[in-house]
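Student: Dumping the structure here so I can ask a few things about it.
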Amino acid sequence: MPGFFSGYEIVAETKNFLVTCEDDPGARQRAQSIGATCEADLFRLNQLFSTNFAAGMSSPHSIWVVVLKDDPSATANGWNYGYEAEESSQIWIRRAFTAPPPPPPSLFPPDPPPLSGPDLNAAVIEFPRFVFVAELAEILMGFTGYGWDAGASPGEGLSNLLGALLHPRGYYDAGQGPRINQWLNGGSGNSPRFDFVTTTKNTDQDIYSYGCAILFINYLVYQRGIPLEKVIRAGGSTLAETYSRVTGEPASAAYPAFNALLAAHIRNSTTNSMRRDNIFPLLDAAHRSIQTTQGDPIDKGHFDEPNSTSFVVKPGLMCPPSAFDFFKHEQMVEQPIFAVARGMANARFNWSIDDVPAPVHGSWTQLTVNSPLTIKNPDGTVTTVANTTTLLYGILDVWNASVLYLKTLNRNGNTDLSVKVFAREAVELDGDVSAEESVSLTTVTWSAGEKLKDARKRCNPFYAEVNDSLWHLTEKLSDLKNRPDPPYERAVREIVHEVERLQKAVVRYSHAGGQTRSETWRQLGNRGELRSIDPVSSPLSLSRMRLPSVTHGQDRERSETE
């Protein structure tokens with residue numbers, strides 16, 4: 001039978017918290033979520049506040065948490081009564097996040113596939129933790145006395161920032177944030193980017209004022225490089241006062257410096273739709289960049305030729321060339337290339353493929369480029385299928401990121417493309433930065449017949465080396481998976497060592513067998529080819545050898561969080 005305190009069911013009792021709930025399944029689940037992480041959250045906040053709140057030590061009482069049944073009409077997610085020196089401080093959790101029902105499955109999956117959205121299942125669990133941290137941060141404001149007023153806009157901004165920092169899925173994926181766009185764009189009688197840095201609004205209910213506070217604190221930390229711990233210790237009656245304490249510059253310079261940086265990147269835009277509360281650092285054109293990565297190719301339909309084709313190849317250094325059977329594998333592919341802007345507030349992207357502009361965004365468009373369509377045969381010869389390549393491209397844009405999808409129209413040849421992406425601030429006419437990726441659209445590959453697979457094992461002296469190094473790597477990864485997170489530093493070094501060892505073995509195996517490294521990598525794990533089947537003895541680790549040791553109440557004034 002569960003215990004009760006003051007009429008509420010006790011869900012968790014830790015060193016510093018008593019977590020209780022109303023008799024409601026949803027409230028109980030949220031209380032369990034909070035109870036599982038409350039001590040870790042306090043530990044992190046103690047670090048950020050440079051303090052040592054501990055029940056029975058620095059504070060005589062633990063903190064009482066009450067999780068109530070969800071009230072959709074409530075105007076606040078939760079509230080607290082500040083730090084209590086004579087009794088337990090209290091945190092009340094009022095709201096829950098309920099994931100919307102999933103849409104019915106589509107008979108025709110979207111193409112290209114949609115970019116990953118919020119993790120709604122995680123948001124259900126993380127939302128109460130976000131609210132809890134925001135309320136706990138406000139209690140620590142009173143406990144430390146640094147000058148943050150939990151009932152005013154700077155304190156509300158800091159509490160929301162800390163809740164999002166420790167539990168971002170409970171903030172962003174639950175639709176609680178970002179909370180800076182209202183201040184950037186203005187509305188409800190508030191002019192865009194009003195100076196809530198010099199002016200403090202004595203309420204925690206005005207998203208325009210505390211949205212400014214969230215962005216300004218992020219500016220101090222991620223633009224000016226001031227540790228968040230130092231910003232918290234320097235709390236003042238206004239954000240401008242905090243700015244002066246941490247930078248040594250006059251308080252009167254705080255808002256002009258902040259606003260001038262924003263103006264350089266978004267001008268007078270009132271249609272900002274930032275996806276995160278932290279948009280920093282913002283950099284001048286000479287220091288901006290684009291980070292590009294290629295996703296895994298998406299198989300859009302394939303065909304395996306049942307009849308073999310014979311090619312003369314040398315299976316390894318120790319055997320002469322001979323005729324072996326190969327089987328052609330053909331597939332349609334869709335290749336995504338991701339680009340993320342660095343140093344920009346609201347980047348606009350343009351793409352080109354083999355120096356041909358790709359101007360259409362949001363729909364599939366056909367494009368022909370002067371890149372030959374070829375097939376590389378197992379014997380090293382190349383068959384040219386066509387002198388140009390016709391393909392489809394589609395571009396999806398999100399905040400400060402863009403994805404280019406390349407899709408083949410047939411499966412009769414391979415092509416290598418040079419893809420370039422350009423980005424600039426949306427309000428600028430010039431100042432492009434660029435990045436380039438070499439992209440291979442591979443629709444035709446050859447798989448070796450059984451006789452060649454056996455011959456490679458006999459004739460390539462480095463086959464065993466690949467097998468051994470692959471086994472050692474999988475052994476290390478399996479061991480790491482069963483250990484607690486985060487991994488210890490030596491384990492990470494061992495993983496890196498085994499990866500390097502495998503890479504070197506693949507290079508030697510490829511060279512000895514007359515293959516490219518990419519062809520060899522594709523064989524790893526395939527049936528009958530490069531697979532780590534039998535365990536091998538682990539190498540002796542001298543680092544593990546050691547010499548024997550020779551030494552032996554709700555009616556009071558409360559602070560609410562939106």
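Ligands are numbered from 1 in the order shown, chains are lettered A, B, ... in the order of the structure tokens, and residues start at 1 in each chain.
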Quick one: everything within 7 Å of stretch 85-102 of chain A, counting only C-alpha atoms, minus sequence neighbours fewer than 4 positions away in the same chain. Send it as a ChimeraX atom specification.
Tutor: /A:61-72,77-81,120,124,127-128,135,174
Student: Report as CSV: every residue of stretch 107-213 of chain A with an atom at most 12 Å from stretch 285-300 of chain A, its closest pair of atoms, and their distance in Å to one decimal, counting only C-alpha atoms, with rows sorted by chain and ascending residue number.
Tutor:
```
residue,atom,partner,partner_atom,distance
A:Pro109,CA,A:Lys300,CA,11.5
A:Asp111,CA,A:Lys300,CA,9.9
A:Pro112,CA,A:Ile298,CA,9.7
A:Pro113,CA,A:Ile298,CA,9.8
A:Leu115,CA,A:Gly295,CA,11.9
```
Student: Counting only C-alpha atoms, which of A:Ala123, A:Leu166, A:Ala341, A:Leu406 gets nearest to A:Thr37?
Tutor: A:Leu166
Student: Using only C-alpha atoms, pick whichever of A:Ala426, A:Ala323, A:Ala254, A:Ala40 has the shortest atom-to-atom distance to A:Phe349.
Tutor: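 Of A:Ala426, A:Ala323, A:Ala254, A:Ala40, the one nearest A:Phe349 is A:Ala426, counting only C-alpha atoms.
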Student: Taking the DSSP secondary structure from the backbone, can you list the residues of stretch 76-169 of chain A that are alpha helix (DSSP H), as JSON, numbers by chain?
Tutor: {"A": [120, 121, 122, 123, 124, 125, 126, 127, 128, 129, 130, 131, 132, 133, 134, 135, 136, 137, 138, 139, 140, 141, 142, 143, 144, 153, 154, 155, 156, 157, 158, 159, 160, 161, 162, 163, 164, 165, 166, 168]}
Student: Which residues are close to A:Ile279, i.e. within 8 Å by only C-alpha atoms, leaving aside same-chain residues fewer than 3 positions away? Reply as an MDAnalysis selection string.
Tutor: chainID A and resid 274 276 282 344:345
Student: Among the residues of stretch 387-556 of chain A, find those DSSP assigns to strand (DSSP E or B) from the backbone and print them as a PyMOL selection string.
Tutor: chain A and resi 389-398+401-408+414-425+433-441+444-448+524+530
Student: As an exercise, work out the distance from atom CA of A:Ile232 to atom CA of A:Leu184 in Å and give it to one decimal place.
Tutor: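 So the two atoms, atom CA of A:Ile232 and atom CA of A:Leu184, lie 23.5 Å apart.
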Student: Any idea what's packed within 7 Å of A:Tyr393, counting only C-alpha atoms, ignoring anything in its chain fewer than 3 positions away? Could you give it as a PyMOL selection string?
Tutor: chain A and resi 364-366+404-407
Student: If we count only C-alpha atoms, what is near A:Arg224 at a cut-off of 10 Å, once residues fewer than 5 positions away on the same chain are taken out, given as a list of chain:residue names?
Tutor: A:Ile217, A:Asn218, A:Tyr219, A:Val246, A:Thr247, A:Phe280, A:Pro281
Student: Grab the residues selected above and save them as an mmCIF file, in the first residue's frame with C-alpha atoms.
Tutor:
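Contents of out11.cif, freshly written:
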```cif
data_model
loop_
_atom_site.group_PDB
_atom_site.id
_atom_site.type_symbol
_atom_site.label_atom_id
_atom_site.label_comp_id
_atom_site.auth_asym_id
_atom_site.auth_seq_id
_atom_site.Cartn_x
_atom_site.Cartn_y
_atom_site.Cartn_z
ATOM 1 C CA ILE A 217 21.072 35.207 -21.425
ATOM 2 C CA ASN A 218 21.899 32.951 -24.375
ATOM 3 C CA TYR A 219 23.626 35.948 -25.984
ATOM 4 C CA VAL A 246 30.011 39.989 -16.253
ATOM 5 C CA THR A 247 31.521 42.108 -19.047
ATOM 6 C CA PHE A 280 24.092 32.161 -31.233
ATOM 7 C CA PRO A 281 26.858 32.608 -32.140
#
```
Student: Name all residues at most 9 Å from stretch 146-161 of chain A (count only C-alpha atoms; drop same-chain ones fewer than 5 positions away) and give them as a PyMOL selection string.
Tutor: chain A and resi 82+130-131+133-139+141+166+171+196-197+200-215+217-218+232-239+277+558-562
Student: Keeping N, CA and C atoms for every residue in the selection just given, could you write it to a file as a compact mmCIF listing (two decimals), in the first residue's frame?
Tutor:
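What landed in selection_0.txt:
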```txt
# COMPACT_ATOMS: atom_id res chain seq x y z
N GLY A 82 8.62 29.87 -3.63
CA GLY A 82 9.95 30.38 -3.31
C GLY A 82 10.63 29.53 -2.25
N PHE A 130 10.77 19.09 -17.23
CA PHE A 130 11.06 20.47 -17.62
C PHE A 130 10.40 21.45 -16.65
N VAL A 131 9.11 21.24 -16.35
CA VAL A 131 8.39 22.13 -15.44
C VAL A 131 9.02 22.08 -14.05
N VAL A 133 12.14 21.40 -13.19
CA VAL A 133 13.43 22.11 -13.15
C VAL A 133 13.22 23.62 -13.16
N ALA A 134 12.26 24.10 -13.96
CA ALA A 134 11.99 25.53 -14.00
C ALA A 134 11.55 26.03 -12.62
N GLU A 135 10.71 25.27 -11.92
CA GLU A 135 10.26 25.67 -10.58
C GLU A 135 11.39 25.54 -9.56
N LEU A 136 12.17 24.47 -9.66
CA LEU A 136 13.29 24.28 -8.73
C LEU A 136 14.31 25.39 -8.89
N ALA A 137 14.56 25.82 -10.13
CA ALA A 137 15.49 26.92 -10.36
C ALA A 137 15.03 28.19 -9.65
N GLU A 138 13.73 28.42 -9.62
CA GLU A 138 13.22 29.63 -8.96
C GLU A 138 13.38 29.53 -7.45
N ILE A 139 13.26 28.33 -6.89
CA ILE A 139 13.53 28.15 -5.46
C ILE A 139 14.99 28.44 -5.15
N MET A 141 16.87 30.45 -6.78
CA MET A 141 17.08 31.89 -6.87
C MET A 141 16.90 32.53 -5.50
N LEU A 166 18.11 21.38 -19.30
CA LEU A 166 18.21 20.05 -18.70
C LEU A 166 17.25 19.04 -19.34
N TYR A 171 10.61 20.51 -23.41
CA TYR A 171 10.36 21.91 -23.76
C TYR A 171 10.01 22.03 -25.24
N PHE A 196 13.68 45.15 -23.12
CA PHE A 196 13.46 44.54 -21.81
C PHE A 196 14.79 44.13 -21.17
N VAL A 197 15.90 44.61 -21.72
CA VAL A 197 17.21 44.40 -21.11
C VAL A 197 17.45 45.47 -20.06
N THR A 200 12.96 46.02 -16.62
CA THR A 200 12.46 44.76 -16.07
C THR A 200 10.96 44.86 -15.90
N LYS A 201 10.26 43.84 -16.34
CA LYS A 201 8.83 43.79 -16.16
C LYS A 201 8.54 42.92 -14.93
N ASN A 202 7.81 43.47 -13.98
CA ASN A 202 7.59 42.78 -12.72
C ASN A 202 6.43 41.80 -12.80
N THR A 203 6.54 40.88 -13.72
CA THR A 203 5.57 39.79 -13.86
C THR A 203 6.28 38.63 -14.53
N ASP A 204 5.79 37.42 -14.24
CA ASP A 204 6.34 36.23 -14.91
C ASP A 204 5.36 35.70 -15.94
N GLN A 205 4.39 36.53 -16.34
CA GLN A 205 3.35 36.10 -17.25
C GLN A 205 3.45 36.73 -18.64
N ASP A 206 4.44 37.57 -18.86
CA ASP A 206 4.55 38.29 -20.13
C ASP A 206 5.64 37.65 -20.98
N ILE A 207 5.23 36.89 -22.00
CA ILE A 207 6.19 36.14 -22.81
C ILE A 207 7.10 37.06 -23.61
N TYR A 208 6.65 38.27 -23.91
CA TYR A 208 7.50 39.21 -24.65
C TYR A 208 8.71 39.60 -23.81
N SER A 209 8.48 39.88 -22.54
CA SER A 209 9.59 40.32 -21.68
C SER A 209 10.51 39.16 -21.30
N TYR A 210 9.94 38.01 -20.90
CA TYR A 210 10.85 36.93 -20.52
C TYR A 210 11.40 36.19 -21.74
N GLY A 211 10.73 36.32 -22.90
CA GLY A 211 11.34 35.80 -24.13
C GLY A 211 12.61 36.57 -24.46
N CYS A 212 12.57 37.89 -24.25
CA CYS A 212 13.78 38.71 -24.41
C CYS A 212 14.86 38.26 -23.44
N ALA A 213 14.47 37.97 -22.20
CA ALA A 213 15.44 37.54 -21.19
C ALA A 213 16.12 36.23 -21.59
N ILE A 214 15.33 35.28 -22.10
CA ILE A 214 15.91 34.00 -22.53
C ILE A 214 16.96 34.22 -23.60
N LEU A 215 16.62 35.03 -24.60
CA LEU A 215 17.55 35.25 -25.71
C LEU A 215 18.77 36.03 -25.23
N ILE A 217 20.17 36.08 -22.21
CA ILE A 217 21.07 35.21 -21.42
C ILE A 217 21.85 34.30 -22.36
N ASN A 218 21.18 33.76 -23.38
CA ASN A 218 21.90 32.95 -24.37
C ASN A 218 22.95 33.77 -25.11
N ILE A 232 24.72 33.50 -13.84
CA ILE A 232 23.77 33.29 -12.76
C ILE A 232 24.23 33.98 -11.48
N ARG A 233 25.51 33.88 -11.17
CA ARG A 233 26.02 34.52 -9.95
C ARG A 233 25.93 36.04 -10.01
N ALA A 234 25.84 36.59 -11.22
CA ALA A 234 25.86 38.05 -11.39
C ALA A 234 24.47 38.64 -11.53
N GLY A 235 23.45 37.94 -11.06
CA GLY A 235 22.08 38.44 -11.19
C GLY A 235 21.92 39.85 -10.63
N GLY A 236 21.13 40.65 -11.31
CA GLY A 236 20.88 42.02 -10.87
C GLY A 236 19.42 42.38 -11.02
N SER A 237 19.10 43.61 -10.72
CA SER A 237 17.70 44.04 -10.83
C SER A 237 17.25 44.13 -12.28
N THR A 238 18.22 44.31 -13.20
CA THR A 238 17.92 44.31 -14.63
C THR A 238 18.95 43.43 -15.34
N LEU A 239 18.63 43.01 -16.54
CA LEU A 239 19.60 42.25 -17.33
C LEU A 239 20.79 43.11 -17.70
N ASP A 277 15.64 28.57 -28.89
CA ASP A 277 15.82 29.82 -28.17
C ASP A 277 17.25 30.34 -28.27
N ARG A 558 2.66 33.10 -4.87
CA ARG A 558 3.36 32.05 -5.58
C ARG A 558 3.95 32.57 -6.86
N SER A 559 4.98 31.85 -7.33
CA SER A 559 5.61 32.17 -8.61
C SER A 559 5.22 31.10 -9.58
N GLU A 560 4.74 31.49 -10.77
CA GLU A 560 4.23 30.54 -11.74
C GLU A 560 5.13 30.47 -12.96
N THR A 561 5.13 29.31 -13.58
CA THR A 561 5.87 29.11 -14.83
C THR A 561 4.88 28.80 -15.93
N GLU A 562 5.02 29.55 -17.02
CA GLU A 562 4.13 29.30 -18.17
C GLU A 562 4.45 27.94 -18.76
```
